[in-house]
There are 2 protein chains.
Amino acid sequence: MATSGDHLVLIIEDEQPIRRFLRASLTNEGYRLNEAASGEEGLRVAASYPPDLVLLDLGLPDIDGQQVLRRLREWLAAPIIVLTARDQEQQKINAPDAGADDYVTKPFATGELLARMRTALRHAQPAGPQSSAVCIGDLRFDLAARLVFKRESLIHLTPLEYKLLVTMLKHAGKVLTHRFLLREVWGPESSQETHYLRVFVASLRRKLEDDPARPRYLLTEPGVGYRFAAE
Amino acid sequence: MATSGDHLVLIIEDEQPIRRFLRASLTNEGYRLNEAASGEEGLRVAASYPPDLVLLDLGLPDIDGQQVLRRLREWLAAPIIVLTARDQEQQKINAPDAGADDYVTKPFATGELLARMRTALRHAQPAGPQSSAVCIGDLRFDLAARLVFKRESLIHLTPLEYKLLVTMLKHAGKVLTHRFLLREVWGPESSQETHYLRVFVASLRRKLEDDPARPRYLLTEPGVGYRFAAE
DNA sequence: AACTGTCTTAATGAAATCTTGACGCCCCCC
DNA sequence: GGGGGGCGTCAAGATTTCATTAAGACAGTT
């Protein structure tokens, strides 16, 4: 019987033959699989279905594999094993620094890969109850990891956008005056600069709302301030 | 018998002897424990198992203890007690500003630490989601959130409408003269403009009363002013 | 030095709110 | 019966506030 314990593995690999080979080997071992043929897709899938382990090919067509690695590591605790071709051997040296847990040179033996996967999974965090997430509507806030999701897809926020959003979230349901928000986010000396708020609320709406012109979460209280809809 | 009420305590401390000492003292008192030997690990564990109290050593090897404090405070409401070595005494001054609830200088007596922990836990969230709501008839006023409901549905009020309504609510049951209301809401220089009052009382009635022509809450006192029905 | 991402600032049109005036009603007094 | 004052309603500007876009400033990186 398989010893994989039903782990979900994400394969990010552009070459279809290798994907097919991995699919055969791993499903046979009892792993559940997700596959992505590009870096962008990999990031998207990882955000939607957080994997227990990632197999990442560094030689991707669209964006730099190293960058995928970094962006995954920003929030994903699961182990990442890098697949690297022999002629990319120099890159191997960089991989561990950038957050990979192990690397395997192509071509590789099935047994070796499986062994390294088992090791990585054993060393991994005992996968506690993922996170302290707050859900409102189709938004999910993982405050500890500083991540915001909309319907399972990760939303990128700039530092100030994030700070403003968290401030409103902490007082969800209440009307917050312009002055209060400006003091909290920008500091007391900017408490008159209401146009800062307008710009940043607009950009948050563009990222979080289905219809930014008719917001569901970030509501305007004309003449007073803003309010984050409690539910 | 322990008085800890089964609280979960997270210890973020790199020096193993101190961790061991704390483990002995605290488990003996009936606390449940989580331990982390670095800042990064502390943040991760806190996210996975939200603690009721955090003991944080500021002298950590990987990332600045102050930064750990800030990042915890972004989302964690539980009290945080900072442990600081005597030679880091200057940092103590900054700690409270950055969100610590208390600090203890190493070396410390067990009794003192336990006392401070009890205090912190007692002070934690003394009040739940205290709804400072006032109900009158089928109206509900949540002054903290600046929201007004009529039979569970939210009523939108403009700034002046709201200010007028709150002024009348503060003196509910009493007859308020035109001059008084105008001074309170519009300022002393508009105390003759009784016309303002008529317009805004009318618009409040339209929004709050079942039958604006026969008001139940916003009553006219002919020749004198208005009165908000006490009940 | 160019680049990337972020923040500030300015400018424009749109929306909401406030002010103001006109009109009708009712009651009471002349 | 007529007239006047207090009150309620409506609606048209005038004013303030808001949303959106885009261009410049700035910092950190490559």
# chains A, B, ... in the order shown; residues from 1 in each chain; ligands from 1
>>> residues_around(residues="region 169-177 of chain A", least_positions_apart="5", cutoff="6 Å", atoms="only C-alpha atoms (C1' of nucleotides)", output="PyMOL selection string")
(chain A and resi 224-230) or (chain B and resi 145-146)
>>> interface_residues(of="chain B", to="chain C", cutoff="10 Å", atoms="only C-alpha atoms (C1' of nucleotides)", output="list in words")
Thr158, Pro159, Leu160, His195 and Tyr196 of chain B
>>> calpha_fit_rmsd(fixed="chain B", moving="chain A")
11.4 Å
>>> select_by_dssp(residues="region 83-212 of chain A", states="alpha helix (DSSP H)", output="JSON, numbers by chain")
{"A": [89, 90, 91, 92, 93, 94, 95, 96, 97, 110, 111, 112, 113, 114, 115, 116, 117, 118, 119, 120, 121, 122, 123, 159, 160, 161, 162, 163, 164, 165, 166, 167, 168, 169, 170, 178, 179, 180, 181, 182, 183, 184, 185, 194, 195, 196, 197, 198, 199, 200, 201, 202, 203, 204, 205, 206, 207, 208]}
>>> closest_atom_pairs(of="chain A", to="chain D", cutoff="8 Å", atoms="only C-alpha atoms (C1' of nucleotides)", output="JSON lines")
{"residue": "A:Arg198", "atom": "CA", "partner": "D:DA19", "partner_atom": "C1'", "distance": 7.3}
{"residue": "A:Ala202", "atom": "CA", "partner": "D:DA19", "partner_atom": "C1'", "distance": 7.1}
{"residue": "A:Pro222", "atom": "CA", "partner": "D:DT17", "partner_atom": "C1'", "distance": 7.3}
{"residue": "A:Gly223", "atom": "CA", "partner": "D:DT17", "partner_atom": "C1'", "distance": 6.5}
>>> write_last_selection(atoms="N, CA, C and O atoms", output="PDB file, in the first residue's frame")
ATOM      1  N   ARG A 198      -9.044  58.395  -0.871  1.00  0.00           N
ATOM      2  CA  ARG A 198      -9.837  58.160  -2.078  1.00  0.00           C
ATOM      3  C   ARG A 198      -9.061  57.300  -3.051  1.00  0.00           C
ATOM      4  O   ARG A 198      -9.577  56.338  -3.600  1.00  0.00           O
ATOM      5  N   ALA A 202     -10.083  53.397  -3.820  1.00  0.00           N
ATOM      6  CA  ALA A 202     -10.394  53.054  -5.204  1.00  0.00           C
ATOM      7  C   ALA A 202      -9.556  51.860  -5.657  1.00  0.00           C
ATOM      8  O   ALA A 202     -10.074  50.930  -6.291  1.00  0.00           O
ATOM      9  N   PRO A 222     -20.892  58.987   2.887  1.00  0.00           N
ATOM     10  CA  PRO A 222     -20.597  60.325   2.371  1.00  0.00           C
ATOM     11  C   PRO A 222     -20.522  61.359   3.492  1.00  0.00           C
ATOM     12  O   PRO A 222     -21.379  61.396   4.366  1.00  0.00           O
ATOM     13  N   GLY A 223     -19.485  62.159   3.426  1.00  0.00           N
ATOM     14  CA  GLY A 223     -19.305  63.228   4.384  1.00  0.00           C
ATOM     15  C   GLY A 223     -18.721  62.773   5.699  1.00  0.00           C
ATOM     16  O   GLY A 223     -18.426  63.591   6.562  1.00  0.00           O
TER      17      GLY A 223
END
>>> closest_residue(among="A:Lys150, A:Arg118, A:Arg70, A:Lys163", to="chain B", atoms="only C-alpha atoms")
A:Lys163
>>> interface_residues(of="chain B", to="chain A", cutoff="10 Å", atoms="only C-alpha atoms", output="ChimeraX atom specification")
/B:43-50,71-76,142-147,156-160
>>> write_last_selection(atoms="N, CA, C and O atoms", output="mmCIF file, in the first residue's frame")
data_model
loop_
_atom_site.group_PDB
_atom_site.id
_atom_site.type_symbol
_atom_site.label_atom_id
_atom_site.label_comp_id
_atom_site.auth_asym_id
_atom_site.auth_seq_id
_atom_site.Cartn_x
_atom_site.Cartn_y
_atom_site.Cartn_z
ATOM 1 N N LEU B 43 6.251 33.074 14.621
ATOM 2 C CA LEU B 43 5.142 33.611 13.837
ATOM 3 C C LEU B 43 4.328 32.479 13.226
ATOM 4 O O LEU B 43 3.095 32.518 13.195
ATOM 5 N N ARG B 44 5.035 31.456 12.746
ATOM 6 C CA ARG B 44 4.341 30.344 12.107
ATOM 7 C C ARG B 44 3.485 29.587 13.117
ATOM 8 O O ARG B 44 2.315 29.301 12.868
ATOM 9 N N VAL B 45 4.081 29.292 14.277
ATOM 10 C CA VAL B 45 3.340 28.542 15.292
ATOM 11 C C VAL B 45 2.150 29.358 15.790
ATOM 12 O O VAL B 45 1.054 28.828 15.976
ATOM 13 N N ALA B 46 2.364 30.658 15.972
ATOM 14 C CA ALA B 46 1.269 31.507 16.441
ATOM 15 C C ALA B 46 0.104 31.454 15.463
ATOM 16 O O ALA B 46 -1.062 31.447 15.854
ATOM 17 N N ALA B 47 0.449 31.408 14.177
ATOM 18 C CA ALA B 47 -0.611 31.359 13.169
ATOM 19 C C ALA B 47 -1.327 30.015 13.200
ATOM 20 O O ALA B 47 -2.538 29.945 13.005
ATOM 21 N N SER B 48 -0.583 28.952 13.448
ATOM 22 C CA SER B 48 -1.185 27.626 13.420
ATOM 23 C C SER B 48 -1.985 27.343 14.687
ATOM 24 O O SER B 48 -3.048 26.741 14.632
ATOM 25 N N TYR B 49 -1.440 27.780 15.818
ATOM 26 C CA TYR B 49 -2.115 27.528 17.093
ATOM 27 C C TYR B 49 -2.227 28.839 17.857
ATOM 28 O O TYR B 49 -1.399 29.136 18.716
ATOM 29 N N PRO B 50 -3.232 29.635 17.536
ATOM 30 C CA PRO B 50 -3.322 30.970 18.146
ATOM 31 C C PRO B 50 -3.272 30.880 19.674
ATOM 32 O O PRO B 50 -4.121 30.243 20.286
ATOM 33 N N ARG B 71 4.591 42.231 13.956
ATOM 34 C CA ARG B 71 3.848 41.355 13.048
ATOM 35 C C ARG B 71 2.818 40.526 13.800
ATOM 36 O O ARG B 71 1.770 40.184 13.259
ATOM 37 N N LEU B 72 3.125 40.175 15.036
ATOM 38 C CA LEU B 72 2.115 39.478 15.836
ATOM 39 C C LEU B 72 0.937 40.412 16.113
ATOM 40 O O LEU B 72 -0.226 40.022 15.984
ATOM 41 N N ARG B 73 1.271 41.639 16.471
ATOM 42 C CA ARG B 73 0.234 42.586 16.863
ATOM 43 C C ARG B 73 -0.706 42.943 15.711
ATOM 44 O O ARG B 73 -1.823 43.402 15.922
ATOM 45 N N GLU B 74 -0.248 42.725 14.489
ATOM 46 C CA GLU B 74 -1.107 43.036 13.349
ATOM 47 C C GLU B 74 -2.412 42.265 13.399
ATOM 48 O O GLU B 74 -3.423 42.707 12.903
ATOM 49 N N TRP B 75 -2.354 41.068 14.003
ATOM 50 C CA TRP B 75 -3.580 40.273 13.937
ATOM 51 C C TRP B 75 -3.912 39.594 15.263
ATOM 52 O O TRP B 75 -5.027 39.153 15.474
ATOM 53 N N LEU B 76 -2.932 39.517 16.184
ATOM 54 C CA LEU B 76 -3.152 38.770 17.408
ATOM 55 C C LEU B 76 -3.596 39.705 18.526
ATOM 56 O O LEU B 76 -2.911 40.674 18.837
ATOM 57 N N ASP B 142 -26.817 52.348 16.956
ATOM 58 C CA ASP B 142 -25.493 51.880 17.361
ATOM 59 C C ASP B 142 -24.546 53.059 17.254
ATOM 60 O O ASP B 142 -23.986 53.331 16.198
ATOM 61 N N LEU B 143 -24.378 53.746 18.364
ATOM 62 C CA LEU B 143 -23.621 55.000 18.320
ATOM 63 C C LEU B 143 -22.146 54.758 18.036
ATOM 64 O O LEU B 143 -21.508 55.566 17.375
ATOM 65 N N ALA B 144 -21.604 53.632 18.516
ATOM 66 C CA ALA B 144 -20.183 53.363 18.278
ATOM 67 C C ALA B 144 -19.918 53.159 16.797
ATOM 68 O O ALA B 144 -18.891 53.573 16.276
ATOM 69 N N ALA B 145 -20.843 52.500 16.122
ATOM 70 C CA ALA B 145 -20.643 52.227 14.700
ATOM 71 C C ALA B 145 -21.236 53.328 13.822
ATOM 72 O O ALA B 145 -21.074 53.308 12.610
ATOM 73 N N ARG B 146 -21.922 54.265 14.465
ATOM 74 C CA ARG B 146 -22.585 55.350 13.736
ATOM 75 C C ARG B 146 -23.609 54.783 12.751
ATOM 76 O O ARG B 146 -23.664 55.175 11.599
ATOM 77 N N LEU B 147 -24.415 53.817 13.204
ATOM 78 C CA LEU B 147 -25.406 53.203 12.323
ATOM 79 C C LEU B 147 -26.775 53.258 12.978
ATOM 80 O O LEU B 147 -26.908 53.148 14.200
ATOM 81 N N HIS B 156 -29.835 54.972 5.891
ATOM 82 C CA HIS B 156 -28.739 55.883 5.572
ATOM 83 C C HIS B 156 -29.107 57.304 5.969
ATOM 84 O O HIS B 156 -30.162 57.804 5.587
ATOM 85 N N LEU B 157 -28.216 57.927 6.751
ATOM 86 C CA LEU B 157 -28.428 59.307 7.167
ATOM 87 C C LEU B 157 -27.255 60.164 6.731
ATOM 88 O O LEU B 157 -26.099 59.730 6.806
ATOM 89 N N THR B 158 -27.552 61.385 6.282
ATOM 90 C CA THR B 158 -26.479 62.316 5.927
ATOM 91 C C THR B 158 -25.866 62.845 7.224
ATOM 92 O O THR B 158 -26.443 62.690 8.304
ATOM 93 N N PRO B 159 -24.694 63.463 7.124
ATOM 94 C CA PRO B 159 -24.018 63.943 8.334
ATOM 95 C C PRO B 159 -24.909 64.830 9.207
ATOM 96 O O PRO B 159 -24.976 64.639 10.417
ATOM 97 N N LEU B 160 -25.608 65.783 8.597
ATOM 98 C CA LEU B 160 -26.432 66.680 9.408
ATOM 99 C C LEU B 160 -27.653 65.971 9.963
ATOM 100 O O LEU B 160 -28.044 66.201 11.107
#
>>> atom_distance(atom1="CA of Leu219 (chain B)", atom2="CA of Leu204 (chain B)")
11.4 Å
